[in-house]
>>> print(open('structure.cif').read())   # mmCIF, C-alpha atoms
data_data
#
loop_
_atom_site.label_atom_id
_atom_site.label_comp_id
_atom_site.auth_asym_id
_atom_site.auth_seq_id
_atom_site.Cartn_x
_atom_site.Cartn_y
_atom_site.Cartn_z
CA MET R 1 4.48 -3.91 12.13
CA ARG R 2 8.23 -3.45 11.97
CA ILE R 3 9.88 -2.87 8.60
CA LEU R 4 13.49 -2.68 7.45
CA LEU R 5 14.13 -0.26 4.60
CA ALA R 6 17.42 -0.32 2.68
CA GLU R 7 17.58 2.46 0.09
CA ASP R 8 20.73 4.42 -0.79
CA GLU R 9 18.93 7.46 -2.26
CA ARG R 10 18.85 9.51 0.93
CA ASP R 11 15.97 11.81 0.02
CA LEU R 12 13.80 8.90 -1.09
CA ASN R 13 14.82 6.94 2.00
CA ARG R 14 13.68 9.76 4.27
CA ILE R 15 10.40 10.21 2.39
CA ILE R 16 9.56 6.49 2.49
CA THR R 17 10.47 6.29 6.17
CA LYS R 18 8.24 9.27 6.96
CA LYS R 19 5.31 7.84 4.96
CA LEU R 20 5.60 4.40 6.56
CA THR R 21 5.91 5.86 10.04
CA SER R 22 2.83 8.04 9.52
CA ALA R 23 0.98 4.89 8.40
CA GLY R 24 1.76 3.29 11.77
CA TYR R 25 4.78 1.18 10.90
CA SER R 26 7.97 1.04 12.95
CA VAL R 27 10.84 1.58 10.50
CA ASP R 28 14.60 1.04 10.64
CA SER R 29 16.20 2.60 7.57
CA PHE R 30 19.67 2.02 6.10
CA PHE R 31 21.62 3.35 3.14
CA ASP R 32 23.62 0.27 2.15
CA GLY R 33 23.11 -3.46 2.03
CA GLU R 34 26.01 -4.38 4.30
CA GLU R 35 24.54 -2.55 7.28
CA ALA R 36 21.13 -4.09 6.57
CA ILE R 37 22.65 -7.59 6.59
CA GLN R 38 24.34 -6.89 9.91
CA VAL R 39 21.14 -5.71 11.59
CA LEU R 40 19.13 -8.60 10.13
CA SER R 41 21.46 -11.03 11.89
CA TYR R 42 19.99 -10.06 15.27
CA THR R 43 16.67 -8.29 14.59
CA GLU R 44 13.37 -9.70 13.36
CA TYR R 45 11.14 -7.78 10.93
CA ASP R 46 7.68 -8.28 9.45
CA ALA R 47 8.77 -7.07 6.01
CA LEU R 48 11.84 -5.86 4.13
CA ILE R 49 11.93 -3.17 1.44
CA LEU R 50 15.18 -3.39 -0.51
CA ASP R 51 16.63 -1.29 -3.28
CA ILE R 52 18.54 -3.53 -5.68
CA MET R 53 21.44 -1.24 -6.57
CA MET R 54 23.11 -0.31 -3.28
CA PRO R 55 26.73 0.18 -2.17
CA LYS R 56 28.71 -2.49 -0.27
CA ALA R 57 26.01 -5.14 -0.78
CA ASP R 58 23.13 -5.01 -3.26
CA GLY R 59 19.55 -6.06 -2.68
CA TYR R 60 20.19 -9.57 -4.01
CA ALA R 61 22.96 -10.06 -1.43
CA VAL R 62 20.67 -8.93 1.39
CA LEU R 63 17.94 -11.25 0.19
CA ARG R 64 20.38 -14.19 -0.02
CA ALA R 65 21.54 -13.53 3.54
CA VAL R 66 17.94 -13.56 4.76
CA ARG R 67 16.97 -16.74 2.94
CA ASP R 68 20.25 -18.52 3.82
CA ALA R 69 19.43 -17.81 7.48
CA GLY R 70 16.17 -19.70 6.98
CA LYS R 71 13.98 -16.61 7.35
CA THR R 72 10.76 -16.34 5.34
CA THR R 73 10.32 -12.61 5.96
CA PRO R 74 8.44 -11.09 2.99
CA VAL R 75 10.69 -8.98 0.76
CA LEU R 76 9.74 -6.21 -1.66
CA PHE R 77 12.34 -5.08 -4.20
CA LEU R 78 12.15 -1.36 -4.91
CA THR R 79 14.13 -0.45 -8.02
CA ALA R 80 14.42 1.63 -11.17
CA ARG R 81 14.99 -1.52 -13.24
CA ASP R 82 11.75 -2.16 -15.09
CA ALA R 83 12.73 -4.79 -17.69
CA VAL R 84 10.82 -8.08 -17.55
CA ALA R 85 14.12 -9.98 -17.14
CA ASP R 86 14.95 -7.88 -14.05
CA ARG R 87 11.54 -8.57 -12.51
CA VAL R 88 11.87 -12.28 -13.19
CA LYS R 89 15.36 -12.35 -11.64
CA GLY R 90 14.14 -10.54 -8.54
CA LEU R 91 11.17 -12.85 -8.01
CA ASP R 92 13.17 -15.98 -8.79
CA SER R 93 15.78 -14.87 -6.25
CA GLY R 94 13.18 -15.21 -3.52
CA ALA R 95 11.54 -11.79 -3.37
CA ASN R 96 7.80 -11.67 -2.78
CA ASP R 97 7.12 -8.54 -4.80
CA TYR R 98 8.75 -5.99 -7.09
CA LEU R 99 7.87 -2.30 -7.37
CA VAL R 100 9.40 -0.04 -10.01
CA LYS R 101 10.40 3.58 -9.37
CA PRO R 102 8.73 6.02 -9.61
CA PHE R 103 5.80 4.63 -7.66
CA SER R 104 2.80 5.82 -5.67
CA PHE R 105 2.99 5.48 -1.91
CA GLU R 106 -0.58 4.20 -1.88
CA GLU R 107 0.53 1.27 -4.03
CA LEU R 108 3.59 0.67 -1.83
CA LEU R 109 1.39 0.51 1.27
CA ALA R 110 -1.07 -1.81 -0.48
CA ARG R 111 1.73 -4.17 -1.51
CA ILE R 112 3.11 -4.22 2.04
CA ARG R 113 -0.34 -5.07 3.38
CA ALA R 114 -0.72 -7.86 0.82
CA MET R 115 2.70 -9.36 1.64
CA THR R 116 2.20 -9.29 5.39
CA ARG R 117 -1.33 -10.69 5.15
CA THR R 118 0.13 -13.72 3.41
CA SER R 119 2.92 -14.15 5.96
CA PHE R 120 0.43 -13.94 8.86
CA GLY R 121 -2.02 -16.27 7.10
CA VAL R 122 -4.72 -13.60 6.90
CA LYS R 123 -7.06 -13.69 3.90
CA ASP R 124 -8.09 -10.03 3.77
CA SER R 125 -7.53 -6.69 5.47
CA LEU R 126 -9.91 -7.42 8.36
CA LEU R 127 -8.80 -8.79 11.74
CA THR R 128 -11.53 -9.75 14.21
CA ILE R 129 -11.78 -10.90 17.81
CA ALA R 130 -15.06 -10.82 19.73
CA ASP R 131 -16.73 -7.54 18.72
CA ILE R 132 -13.50 -5.77 17.66
CA THR R 133 -12.70 -5.35 13.97
CA LEU R 134 -9.44 -3.87 12.71
CA ASP R 135 -9.28 -2.90 9.03
CA SER R 136 -5.62 -2.62 8.02
CA ALA R 137 -6.50 -1.11 4.63
CA ALA R 138 -8.64 1.70 6.05
CA GLN R 139 -6.56 1.92 9.25
CA THR R 140 -9.72 1.84 11.38
CA VAL R 141 -10.72 -0.01 14.55
CA ARG R 142 -14.29 -0.62 15.71
CA ARG R 143 -15.69 -2.23 18.82
CA ALA R 144 -19.37 -3.11 18.88
CA GLY R 145 -19.73 -1.06 15.71
CA ARG R 146 -18.30 2.13 17.20
CA GLU R 147 -15.09 3.51 15.68
CA LEU R 148 -12.25 4.02 18.15
CA THR R 149 -9.61 6.73 17.83
CA LEU R 150 -6.12 5.28 18.39
CA SER R 151 -2.69 6.84 18.10
CA ALA R 152 -0.27 5.29 15.59
CA LYS R 153 1.52 3.33 18.34
CA GLU R 154 -1.75 2.20 19.95
CA TYR R 155 -2.96 1.00 16.55
CA ALA R 156 0.33 -0.84 15.88
CA LEU R 157 0.18 -2.48 19.30
CA LEU R 158 -3.42 -3.62 18.83
CA GLU R 159 -2.67 -4.94 15.34
CA TYR R 160 0.28 -6.94 16.69
CA LEU R 161 -1.85 -8.36 19.52
CA MET R 162 -4.61 -9.28 17.06
CA HIS R 163 -2.21 -11.01 14.71
CA ASN R 164 -1.07 -13.05 17.72
CA GLN R 165 -4.38 -13.41 19.54
CA GLY R 166 -4.27 -16.19 22.13
CA ILE R 167 -0.47 -16.04 22.26
CA ILE R 168 1.30 -14.62 25.32
CA LEU R 169 3.73 -11.91 24.20
CA SER R 170 6.56 -10.81 26.48
CA ARG R 171 7.24 -7.13 27.09
CA GLU R 172 10.58 -7.51 25.33
CA LYS R 173 9.01 -9.06 22.25
CA ILE R 174 6.37 -6.34 22.05
CA GLU R 175 8.94 -3.57 22.50
CA ASN R 176 11.25 -5.05 19.86
CA HIS R 177 8.38 -5.35 17.43
CA ILE R 178 6.66 -2.00 17.88
CA TRP R 179 9.61 0.34 18.46
CA ASN R 180 12.61 0.75 16.14
CA LEU R 181 16.34 0.80 16.86
CA ASP R 182 16.35 4.54 17.61
CA TYR R 183 13.94 4.23 20.52
CA GLU R 184 15.39 5.56 23.79
CA GLY R 185 12.30 5.66 25.97
CA GLY R 186 11.66 4.24 29.42
CA THR R 187 11.74 0.58 30.33
CA ASN R 188 8.00 0.55 31.11
CA VAL R 189 6.90 1.83 27.69
CA VAL R 190 5.01 -1.39 26.90
CA ASP R 191 3.06 -1.22 30.17
CA VAL R 192 2.21 2.42 29.48
CA TYR R 193 0.84 1.74 26.00
CA ILE R 194 -1.03 -1.37 27.15
CA SER R 195 -2.69 0.89 29.73
CA TYR R 196 -3.60 3.43 27.03
CA LEU R 197 -5.03 0.69 24.83
CA ARG R 198 -7.00 -0.89 27.67
CA LYS R 199 -8.74 2.41 28.37
CA LYS R 200 -9.94 2.60 24.78
CA ILE R 201 -10.64 -1.11 24.20
CA ASP R 202 -11.77 -2.54 27.54
CA GLU R 203 -12.67 0.24 29.97
CA GLY R 204 -16.35 0.19 30.92
CA ARG R 205 -16.98 -3.14 29.18
CA GLU R 206 -17.93 -6.37 30.88
CA LYS R 207 -15.89 -8.52 28.52
CA LYS R 208 -12.16 -7.68 28.78
CA LEU R 209 -9.91 -8.73 25.92
CA ILE R 210 -6.41 -7.58 26.96
CA HIS R 211 -5.06 -9.75 29.79
CA THR R 212 -1.89 -9.66 31.88
CA VAL R 213 -0.11 -12.96 32.44
CA ARG R 214 2.00 -12.37 35.52
CA GLY R 215 5.71 -12.76 34.91
CA ARG R 216 5.22 -13.49 31.20
CA GLY R 217 3.57 -10.56 29.43
CA TYR R 218 0.27 -9.82 27.75
CA VAL R 219 -2.27 -11.69 25.66
CA LEU R 220 -5.31 -10.67 23.62
CA ARG R 221 -8.01 -13.30 23.94
CA GLU R 222 -11.71 -13.76 24.42
CA GLU R 223 -12.46 -15.49 27.70
CA PRO R 224 -15.78 -17.15 28.64
#
>>> encode(input="structure.cif", output="structure tokens")
Amino acid sequence: MRILLAEDERDLNRIITKKLTSAGYSVDSFFDGEEAIQVLSYTEYDALILDIMMPKADGYAVLRAVRDAGKTTPVLFLTARDAVADRVKGLDSGANDYLVKPFSFEELLARIRAMTRTSFGVKDSLLTIADITLDSAAQTVRRAGRELTLSAKEYALLEYLMHNQGIILSREKIENHIWNLDYEGGTNVVDVYISYLRKKIDEGREKKLIHTVRGRGYVLREEP
């Protein structure tokens, strides 16, 4: 999943970005609200993590810009303000959750999972298609009961395909979702990672789940 982080404390920003990236998320991080608003005008994200007190534009301003644009992207406010009135204001402003500094990264990850489950219409941490089960809480993938070892990008790609199973996803949409703004790789990166994933998911199995739709992209689906 792709996340936007806006946090003006540079050390904390770097730590959060590193933790989220190691957990398999694609992260674009910013140090002020104005830049975040600009990027949000042309980039889609699965979740936003916003500090409230930021230069140029605070977290409330970023949230207003998102909601005024008609976007329902889940938003988590990350702030040192711990008064009940502050929490109420944040939630009433349209945020989905509110986490007070200092915090544990395990709790941050759990709250992100909870927010995105809701936005994808998933009831728990398990995603299933055919004999594949992906557990987003444990970060594990099994096929026919056997655990598969995936890289962070392979895991992110499979999770995205499973959230959109049955839907044809273009290469551009996959690339924009899985890789962040700093990515400078080759134009065939999606094809390369689909190939990696196929070897681990489908190779040697009668029932293939990852399918190429010529001229359109890729789809994860169970075919008769």
>>> resolve_selection(input="structure.cif", expression="the PyMOL selection byres ((chain R and resi 188-198) around 10)", output="PyMOL selection string")
chain R and resi 150-151+153-155+157-158+170-175+178-179+185-187+199-204+208-212+217-218
>>> residues_near_point(input="structure.cif", point="(-11.7, -8.7, 4.0)", cutoff="12 Å", atoms="all atoms listed in the file", output="PDB file with C-alpha atoms, keeping the file's coordinate frame")
ATOM      1  CA  ARG R 113      -0.340  -5.070   3.380  1.00  0.00           C
ATOM      2  CA  ALA R 114      -0.720  -7.860   0.820  1.00  0.00           C
ATOM      3  CA  ARG R 117      -1.330 -10.690   5.150  1.00  0.00           C
ATOM      4  CA  VAL R 122      -4.720 -13.600   6.900  1.00  0.00           C
ATOM      5  CA  LYS R 123      -7.060 -13.690   3.900  1.00  0.00           C
ATOM      6  CA  ASP R 124      -8.090 -10.030   3.770  1.00  0.00           C
ATOM      7  CA  SER R 125      -7.530  -6.690   5.470  1.00  0.00           C
ATOM      8  CA  LEU R 126      -9.910  -7.420   8.360  1.00  0.00           C
ATOM      9  CA  LEU R 127      -8.800  -8.790  11.740  1.00  0.00           C
ATOM     10  CA  THR R 128     -11.530  -9.750  14.210  1.00  0.00           C
ATOM     11  CA  THR R 133     -12.700  -5.350  13.970  1.00  0.00           C
ATOM     12  CA  LEU R 134      -9.440  -3.870  12.710  1.00  0.00           C
ATOM     13  CA  ASP R 135      -9.280  -2.900   9.030  1.00  0.00           C
ATOM     14  CA  SER R 136      -5.620  -2.620   8.020  1.00  0.00           C
ATOM     15  CA  ALA R 137      -6.500  -1.110   4.630  1.00  0.00           C
ATOM     16  CA  ALA R 138      -8.640   1.700   6.050  1.00  0.00           C
TER      17      ALA R 138
END
>>> atom_distance(input="structure.cif", atom1="atom CA of R:Leu220", atom2="atom CA of R:Thr149")
18.8 Å
>>> atom_distance(input="structure.cif", atom1="atom CA of R:Ile52", atom2="atom CA of R:Tyr160")
29.1 Å
>>> residues_around(input="structure.cif", residues="R:Ala95", least_positions_apart="2", cutoff="8 Å", atoms="all atoms listed in the file", output="VMD selection string")
chain R and resid 63 74 to 77 90 to 93 97 to 98
>>> atom_distance(input="structure.cif", atom1="atom CA of R:His177", atom2="atom CA of R:Asn164")
12.2 Å
>>> residues_around(input="structure.cif", residues="R:Tyr45", least_positions_apart="6", cutoff="7 Å", atoms="all atoms listed in the file", output="list of chain:residue names")
R:Arg2, R:Ile3, R:Leu4, R:Thr73
>>> resolve_selection(input="structure.cif", expression="the PyMOL selection byres ((chain R and resi 131) around 8)", output="list in words")
Thr128, Ile129, Ala130, Ile132, Thr133, Arg142, Arg143, Ala144 and Gly145 of chain R
>>> residues_around(input="structure.cif", residues="R:Lys101", least_positions_apart="3", cutoff="12 Å", atoms="all atoms listed in the file", output="PyMOL selection string")
chain R and resi 7+9+12+51-52+77-82+98+104-105+107-108
>>> closest_residue(input="structure.cif", among="R:Ile16, R:Val141, R:Ala152, R:Ile168", to="R:Arg216", atoms="only C-alpha atoms")
R:Ile168
>>> resolve_selection(input="structure.cif", expression="the PyMOL selection byres ((chain R and resi 35-39) around 8)", output="MDAnalysis selection string")
chainID R and resid 4 6 30:34 40:43 62 65:66
>>> closest_residue(input="structure.cif", among="R:Arg205, R:Arg87, R:Arg221, R:Arg146", to="R:Gln165", atoms="only C-alpha atoms")
R:Arg221
>>> closest_residue(input="structure.cif", among="R:Asn96, R:Thr17, R:Thr72, R:Ser26", to="R:Tyr183", atoms="all atoms listed in the file")
R:Ser26
>>> decode(input="structure.cif", residues="stretch 164-180 of chain R", atoms="N, CA and C atoms", output="mmCIF file, in the first residue's frame")
data_model
loop_
_atom_site.group_PDB
_atom_site.id
_atom_site.type_symbol
_atom_site.label_atom_id
_atom_site.label_comp_id
_atom_site.auth_asym_id
_atom_site.auth_seq_id
_atom_site.Cartn_x
_atom_site.Cartn_y
_atom_site.Cartn_z
ATOM 1 N N ASN R 164 -7.713 -6.221 -5.076
ATOM 2 C CA ASN R 164 -8.430 -5.898 -6.311
ATOM 3 C C ASN R 164 -8.662 -7.143 -7.165
ATOM 4 N N GLN R 165 -8.814 -8.293 -6.511
ATOM 5 C CA GLN R 165 -8.963 -9.529 -7.264
ATOM 6 C C GLN R 165 -10.171 -9.454 -8.199
ATOM 7 N N GLY R 166 -9.944 -9.925 -9.433
ATOM 8 C CA GLY R 166 -10.986 -9.872 -10.455
ATOM 9 C C GLY R 166 -10.992 -8.580 -11.246
ATOM 10 N N ILE R 167 -10.177 -7.608 -10.826
ATOM 11 C CA ILE R 167 -10.114 -6.312 -11.500
ATOM 12 C C ILE R 167 -8.813 -6.218 -12.293
ATOM 13 N N ILE R 168 -8.907 -5.833 -13.556
ATOM 14 C CA ILE R 168 -7.716 -5.683 -14.389
ATOM 15 C C ILE R 168 -7.009 -4.388 -14.003
ATOM 16 N N LEU R 169 -5.734 -4.509 -13.647
ATOM 17 C CA LEU R 169 -4.943 -3.352 -13.220
ATOM 18 C C LEU R 169 -3.871 -3.062 -14.271
ATOM 19 N N SER R 170 -3.837 -1.829 -14.743
ATOM 20 C CA SER R 170 -2.839 -1.455 -15.742
ATOM 21 C C SER R 170 -1.453 -1.413 -15.112
ATOM 22 N N ARG R 171 -0.425 -1.503 -15.951
ATOM 23 C CA ARG R 171 0.946 -1.399 -15.457
ATOM 24 C C ARG R 171 1.162 -0.059 -14.768
ATOM 25 N N GLU R 172 0.618 0.996 -15.350
ATOM 26 C CA GLU R 172 0.786 2.339 -14.773
ATOM 27 C C GLU R 172 0.156 2.434 -13.390
ATOM 28 N N LYS R 173 -1.028 1.858 -13.252
ATOM 29 C CA LYS R 173 -1.712 1.918 -11.957
ATOM 30 C C LYS R 173 -0.938 1.130 -10.906
ATOM 31 N N ILE R 174 -0.431 -0.030 -11.291
ATOM 32 C CA ILE R 174 0.354 -0.836 -10.350
ATOM 33 C C ILE R 174 1.619 -0.102 -9.952
ATOM 34 N N GLU R 175 2.326 0.462 -10.937
ATOM 35 C CA GLU R 175 3.577 1.170 -10.648
ATOM 36 C C GLU R 175 3.325 2.358 -9.728
ATOM 37 N N ASN R 176 2.275 3.120 -10.016
ATOM 38 C CA ASN R 176 1.976 4.292 -9.196
ATOM 39 C C ASN R 176 1.576 3.917 -7.779
ATOM 40 N N HIS R 177 1.052 2.723 -7.622
ATOM 41 C CA HIS R 177 0.583 2.306 -6.302
ATOM 42 C C HIS R 177 1.691 1.695 -5.459
ATOM 43 N N ILE R 178 2.580 0.945 -6.088
ATOM 44 C CA ILE R 178 3.574 0.173 -5.355
ATOM 45 C C ILE R 178 4.882 0.937 -5.162
ATOM 46 N N TRP R 179 5.222 1.809 -6.088
ATOM 47 C CA TRP R 179 6.487 2.543 -5.997
ATOM 48 C C TRP R 179 6.224 4.008 -5.681
ATOM 49 N N ASN R 180 7.126 4.645 -4.905
ATOM 50 C CA ASN R 180 6.890 6.023 -4.489
ATOM 51 C C ASN R 180 7.453 7.022 -5.504
#
